[in-house]
Amino acid sequence: MKRQIKEDIALIGKRLYEHELNGSYGGNFSVRDGDYIYITPTGIPKDLLEYSDILVINFSGEIIEGELKPTSEMLFHIKIYKVREDVNAIIHAHPPFATGFAIAHHPIPINIHEESCLILGDVPVVPYELTASIDLAENIGRLIKDHNALLLANHGALTVGEDLERAFRRMEELENICKMLTVAQLLGGPKYIPDDKFTQLMELKKKRGL
Ligand SMILES: [Zn+2]
């Protein structure tokens, strides 16, 4: 199996931790490579992950390589790769502001900020189901079809991308927009981009293939 992919995943754990996008035990991340999924183990703080901790599983959830136990939330990783052929990386984390929005069941609208619109799109809230349950995987599978970022009610956040870097940038942007929205709420609530300008912005998004 490929050491580079495992090193990339371990590095994401450190970057999320350093950017205060994830607590040490929270979250999990994975990369798809053909018929295999490289995924984080359970029980290891994400900032201390070593490449050798990363497991390789197949689409039935069987361990192909690795000594540790894979994350208990591997079901929704498998589900996402099945419904999104364009997605090769998934990051699930518990960034404090985004998770605050997830606890408040507060979705992120698409028409409040340019960068967020272009990078994230709108971010719905996935209804609460117990961690690692099939129902949670089904809910995520349903909503990820049309979104690149999700808030998981009373749980955390999830972003996807063609590669790990893009999934990471989306997680960073999601946390940023939640911080911005928090300030906007303190100042009387968000105001929306005017409809005609928003139409132009969406055309730009399409043109850029975002
Ligand atoms: Zn989780």
# chains A, B, ... in the order shown; residues from 1 in each chain; ligands from 1

$ closest_atom_pairs --of "chain A" --to "ligand 1" --cutoff "9 Å" --atoms "only C-alpha atoms and all ligand atoms" --output "CSV"
residue,atom,partner,partner_atom_place_in_ligand_line,distance
A:Gly26,CA,ligand 1,1 (Zn),6.4
A:Gly27,CA,ligand 1,1 (Zn),5.0
A:Asn28,CA,ligand 1,1 (Zn),7.0
A:Ser72,CA,ligand 1,1 (Zn),8.7
A:Glu73,CA,ligand 1,1 (Zn),6.6
A:His92,CA,ligand 1,1 (Zn),6.5
A:Ala93,CA,ligand 1,1 (Zn),6.9
A:His94,CA,ligand 1,1 (Zn),7.6
A:Thr131,CA,ligand 1,1 (Zn),6.2
A:Ala132,CA,ligand 1,1 (Zn),7.6
A:Leu152,CA,ligand 1,1 (Zn),8.3
A:His155,CA,ligand 1,1 (Zn),6.2
A:Gly156,CA,ligand 1,1 (Zn),6.4
A:Ala157,CA,ligand 1,1 (Zn),8.1
A:Leu158,CA,ligand 1,1 (Zn),8.8

$ residues_around --residues "Lys179 in chain A" --least-positions-apart "2" --cutoff "12 Å" --atoms "only C-alpha atoms" --output "list in words"
Pro95, Pro96, Phe97, Ala98, Thr99, Gly100, Phe101, Ile108, Ser116, Glu172, Glu173, Leu174, Glu175, Asn176, Ile177, Leu181, Thr182, Val183, Ala184, Gln185 and Leu186 of chain A

$ select_by_dssp --residues "range 65-140 of chain A" --states "strand (DSSP E or B)" --output "VMD selection string"
chain A and resid 65 70 89 to 93 108 123 125 to 126

$ residues_around --residues "Leu55 in chain A" --least-positions-apart "6" --cutoff "9 Å" --atoms "only C-alpha atoms" --output "list in words"
Lys6, Ile37, Tyr38, Ile39, Thr40, Pro41, Ile63, Ile64, Glu65, Gly66, Glu67, Leu68, Lys69 and Pro70 of chain A

$ residues_around --residues "Asp33 in chain A" --least-positions-apart "4" --cutoff "12 Å" --atoms "only C-alpha atoms" --output "CSV table (one decimal) with N, CA and C atoms, in the first residue's frame"
chain,number,residue,atom,x,y,z
A,1,MET,N,0.8,-1.2,0.0
A,1,MET,CA,0.0,0.0,0.0
A,1,MET,C,0.9,1.3,0.0
A,2,LYS,N,0.3,2.4,-0.3
A,2,LYS,CA,1.1,3.6,-0.5
A,2,LYS,C,1.4,4.4,0.7
A,4,GLN,N,2.9,7.2,0.9
A,4,GLN,CA,2.7,8.7,0.8
A,4,GLN,C,1.3,9.1,1.2
A,5,ILE,N,0.3,8.3,0.8
A,5,ILE,CA,-1.1,8.6,1.2
A,5,ILE,C,-1.2,8.6,2.7
A,6,LYS,N,-0.6,7.6,3.3
A,6,LYS,CA,-0.7,7.5,4.8
A,6,LYS,C,0.0,8.7,5.4
A,37,ILE,N,-9.7,2.2,0.7
A,37,ILE,CA,-9.9,3.4,1.5
A,37,ILE,C,-8.8,3.5,2.6
A,38,TYR,N,-8.0,4.5,2.6
A,38,TYR,CA,-7.0,4.7,3.6
A,38,TYR,C,-7.7,5.5,4.7
A,39,ILE,N,-7.7,5.1,5.9
A,39,ILE,CA,-8.5,5.7,7.0
A,39,ILE,C,-7.9,5.8,8.3
A,56,VAL,N,-5.8,0.5,5.9
A,56,VAL,CA,-6.4,0.4,4.6
A,56,VAL,C,-7.6,-0.6,4.7
A,57,ILE,N,-8.7,-0.2,4.2
A,57,ILE,CA,-9.9,-1.0,4.2
A,57,ILE,C,-10.5,-1.1,2.8
A,58,ASN,N,-11.4,-2.1,2.6
A,58,ASN,CA,-12.1,-2.2,1.3
A,58,ASN,C,-13.5,-1.6,1.5
A,59,PHE,N,-14.3,-1.7,0.4
A,59,PHE,CA,-15.6,-1.1,0.5
A,59,PHE,C,-16.6,-1.9,1.3
A,81,TYR,N,-18.0,7.7,-0.6
A,81,TYR,CA,-17.3,7.3,-1.8
A,81,TYR,C,-18.2,6.6,-2.8
A,85,GLU,N,-18.5,9.8,-7.0
A,85,GLU,CA,-17.3,9.3,-7.7
A,85,GLU,C,-16.2,10.3,-7.8
A,86,ASP,N,-16.6,11.6,-7.7
A,86,ASP,CA,-15.6,12.7,-7.8
A,86,ASP,C,-14.9,12.9,-6.5
A,87,VAL,N,-15.3,12.3,-5.5
A,87,VAL,CA,-14.7,12.6,-4.2
A,87,VAL,C,-13.6,11.5,-3.9
A,88,ASN,N,-12.4,12.0,-3.5
A,88,ASN,CA,-11.3,11.1,-3.2
A,88,ASN,C,-10.8,11.3,-1.8
A,89,ALA,N,-11.3,12.3,-1.1
A,89,ALA,CA,-10.9,12.6,0.3
A,89,ALA,C,-12.0,13.1,1.2
A,162,GLU,N,-11.7,16.6,-4.1
A,162,GLU,CA,-11.1,15.7,-5.0
A,162,GLU,C,-9.8,15.1,-4.4
A,163,ASP,N,-9.2,15.9,-3.5
A,163,ASP,CA,-8.0,15.4,-2.8
A,163,ASP,C,-8.1,16.0,-1.3
A,164,LEU,N,-7.1,15.6,-0.5
A,164,LEU,CA,-7.1,16.0,0.9
A,164,LEU,C,-7.0,17.5,1.1

$ closest_residue --among "A:Leu11, A:Asp53, A:Gly43, A:Leu136" --to "Thr71 in chain A" --atoms "only C-alpha atoms"
A:Gly43

$ residues_around --residues "Lys82 in chain A" --least-positions-apart "2" --cutoff "12 Å" --atoms "only C-alpha atoms" --output "ChimeraX atom specification"
/A:32,34-37,58-60,75-80,84-88,137-138,140-142,144-145

$ closest_residue --among "A:Tyr128, A:Val123, A:His113, A:Asn139" --to "Lys197 in chain A" --atoms "only C-alpha atoms"
A:His113

$ select_by_dssp --residues "range 77-128 of chain A" --states "helix (DSSP H, G or I)" --output "number ranges by chain"
A: 77-83, 96-103, 114-119

$ atom_distance --atom1 "CA of Leu150 in chain A" --atom2 "CA of Leu120 in chain A"
9.4 Å

$ residues_around --residues "Val125 in chain A" --least-positions-apart "3" --cutoff "7 Å" --atoms "only C-alpha atoms" --output "short mmCIF file (atom, residue, chain, number, x, y, z; two decimals) with C-alpha atoms, in the first residue's frame"
data_model
loop_
_atom_site.label_atom_id
_atom_site.label_comp_id
_atom_site.auth_asym_id
_atom_site.auth_seq_id
_atom_site.Cartn_x
_atom_site.Cartn_y
_atom_site.Cartn_z
CA ALA A 102 -24.20 22.10 14.27
CA HIS A 105 -28.94 23.15 14.00
CA HIS A 106 -28.07 26.31 12.09
CA PRO A 107 -27.31 25.78 8.35
CA LEU A 150 -22.12 19.32 5.93
CA LEU A 151 -22.84 20.13 9.56
CA LEU A 152 -23.69 17.03 11.59
CA ALA A 153 -26.32 17.94 14.20
#

$ atom_distance --atom1 "CA of Gln200 in chain A" --atom2 "CA of Asn148 in chain A"
20.8 Å

$ decode --residues "range 86-97 of chain A" --atoms "all heavy atoms" --output "mmCIF file, in the first residue's frame"
data_model
loop_
_atom_site.group_PDB
_atom_site.id
_atom_site.type_symbol
_atom_site.label_atom_id
_atom_site.label_comp_id
_atom_site.auth_asym_id
_atom_site.auth_seq_id
_atom_site.Cartn_x
_atom_site.Cartn_y
_atom_site.Cartn_z
ATOM 1 N N ASP A 86 -16.604 11.595 -7.702
ATOM 2 C CA ASP A 86 -15.619 12.659 -7.844
ATOM 3 C C ASP A 86 -14.850 12.930 -6.546
ATOM 4 O O ASP A 86 -13.864 13.655 -6.549
ATOM 5 C CB ASP A 86 -16.312 13.958 -8.282
ATOM 6 C CG ASP A 86 -17.379 14.414 -7.286
ATOM 7 O OD1 ASP A 86 -18.134 13.543 -6.784
ATOM 8 O OD2 ASP A 86 -17.436 15.610 -6.991
ATOM 9 N N VAL A 87 -15.296 12.343 -5.456
ATOM 10 C CA VAL A 87 -14.669 12.604 -4.152
ATOM 11 C C VAL A 87 -13.599 11.546 -3.855
ATOM 12 O O VAL A 87 -13.859 10.349 -3.940
ATOM 13 C CB VAL A 87 -15.740 12.615 -3.028
ATOM 14 C CG1 VAL A 87 -15.105 12.461 -1.658
ATOM 15 C CG2 VAL A 87 -16.558 13.901 -3.097
ATOM 16 N N ASN A 88 -12.393 12.029 -3.527
ATOM 17 C CA ASN A 88 -11.308 11.108 -3.165
ATOM 18 C C ASN A 88 -10.780 11.335 -1.764
ATOM 19 O O ASN A 88 -9.831 10.669 -1.333
ATOM 20 C CB ASN A 88 -10.151 11.250 -4.159
ATOM 21 C CG ASN A 88 -10.562 10.783 -5.537
ATOM 22 O OD1 ASN A 88 -11.135 9.704 -5.683
ATOM 23 N ND2 ASN A 88 -10.306 11.592 -6.540
ATOM 24 N N ALA A 89 -11.343 12.312 -1.052
ATOM 25 C CA ALA A 89 -10.880 12.573 0.321
ATOM 26 C C ALA A 89 -12.035 13.120 1.157
ATOM 27 O O ALA A 89 -12.876 13.882 0.663
ATOM 28 C CB ALA A 89 -9.733 13.571 0.306
ATOM 29 N N ILE A 90 -12.056 12.693 2.412
ATOM 30 C CA ILE A 90 -13.118 13.116 3.350
ATOM 31 C C ILE A 90 -12.457 13.538 4.657
ATOM 32 O O ILE A 90 -11.576 12.838 5.166
ATOM 33 C CB ILE A 90 -14.080 11.943 3.639
ATOM 34 C CG1 ILE A 90 -14.769 11.473 2.357
ATOM 35 C CG2 ILE A 90 -15.117 12.333 4.702
ATOM 36 C CD1 ILE A 90 -15.470 10.124 2.494
ATOM 37 N N ILE A 91 -12.879 14.679 5.165
ATOM 38 C CA ILE A 91 -12.422 15.103 6.497
ATOM 39 C C ILE A 91 -13.649 15.323 7.378
ATOM 40 O O ILE A 91 -14.544 16.101 7.028
ATOM 41 C CB ILE A 91 -11.582 16.402 6.435
ATOM 42 C CG1 ILE A 91 -10.294 16.153 5.654
ATOM 43 C CG2 ILE A 91 -11.263 16.890 7.856
ATOM 44 C CD1 ILE A 91 -9.390 17.375 5.543
ATOM 45 N N HIS A 92 -13.669 14.622 8.499
ATOM 46 C CA HIS A 92 -14.691 14.858 9.521
ATOM 47 C C HIS A 92 -13.945 15.366 10.755
ATOM 48 O O HIS A 92 -12.979 14.742 11.192
ATOM 49 C CB HIS A 92 -15.442 13.560 9.806
ATOM 50 C CG HIS A 92 -16.214 13.590 11.082
ATOM 51 N ND1 HIS A 92 -17.028 14.650 11.439
ATOM 52 C CD2 HIS A 92 -16.308 12.703 12.101
ATOM 53 C CE1 HIS A 92 -17.577 14.400 12.614
ATOM 54 N NE2 HIS A 92 -17.143 13.228 13.039
ATOM 55 N N ALA A 93 -14.364 16.528 11.252
ATOM 56 C CA ALA A 93 -13.667 17.127 12.405
ATOM 57 C C ALA A 93 -14.695 17.825 13.286
ATOM 58 O O ALA A 93 -15.886 17.874 12.958
ATOM 59 C CB ALA A 93 -12.614 18.115 11.901
ATOM 60 N N HIS A 94 -14.207 18.337 14.406
ATOM 61 C CA HIS A 94 -15.081 19.028 15.355
ATOM 62 C C HIS A 94 -14.575 20.451 15.586
ATOM 63 O O HIS A 94 -14.219 20.810 16.708
ATOM 64 C CB HIS A 94 -15.129 18.276 16.689
ATOM 65 C CG HIS A 94 -15.634 16.877 16.590
ATOM 66 N ND1 HIS A 94 -15.509 15.954 17.616
ATOM 67 C CD2 HIS A 94 -16.276 16.220 15.589
ATOM 68 C CE1 HIS A 94 -16.044 14.794 17.247
ATOM 69 N NE2 HIS A 94 -16.506 14.935 16.014
ATOM 70 N N PRO A 95 -14.519 21.285 14.544
ATOM 71 C CA PRO A 95 -14.056 22.660 14.755
ATOM 72 C C PRO A 95 -15.059 23.406 15.632
ATOM 73 O O PRO A 95 -16.271 23.268 15.435
ATOM 74 C CB PRO A 95 -14.034 23.262 13.344
ATOM 75 C CG PRO A 95 -14.623 22.263 12.434
ATOM 76 C CD PRO A 95 -15.010 21.043 13.187
ATOM 77 N N PRO A 96 -14.592 24.179 16.628
ATOM 78 C CA PRO A 96 -15.521 24.701 17.644
ATOM 79 C C PRO A 96 -16.643 25.595 17.118
ATOM 80 O O PRO A 96 -17.786 25.450 17.566
ATOM 81 C CB PRO A 96 -14.611 25.471 18.609
ATOM 82 C CG PRO A 96 -13.259 25.488 18.003
ATOM 83 C CD PRO A 96 -13.202 24.450 16.936
ATOM 84 N N PHE A 97 -16.371 26.485 16.183
ATOM 85 C CA PHE A 97 -17.450 27.357 15.700
ATOM 86 C C PHE A 97 -18.437 26.571 14.827
ATOM 87 O O PHE A 97 -19.647 26.659 15.015
ATOM 88 C CB PHE A 97 -16.891 28.568 14.932
ATOM 89 C CG PHE A 97 -16.422 29.669 15.845
ATOM 90 C CD1 PHE A 97 -15.181 29.596 16.458
ATOM 91 C CD2 PHE A 97 -17.222 30.769 16.112
ATOM 92 C CE1 PHE A 97 -14.741 30.588 17.325
ATOM 93 C CE2 PHE A 97 -16.806 31.771 16.971
ATOM 94 C CZ PHE A 97 -15.554 31.682 17.576
#
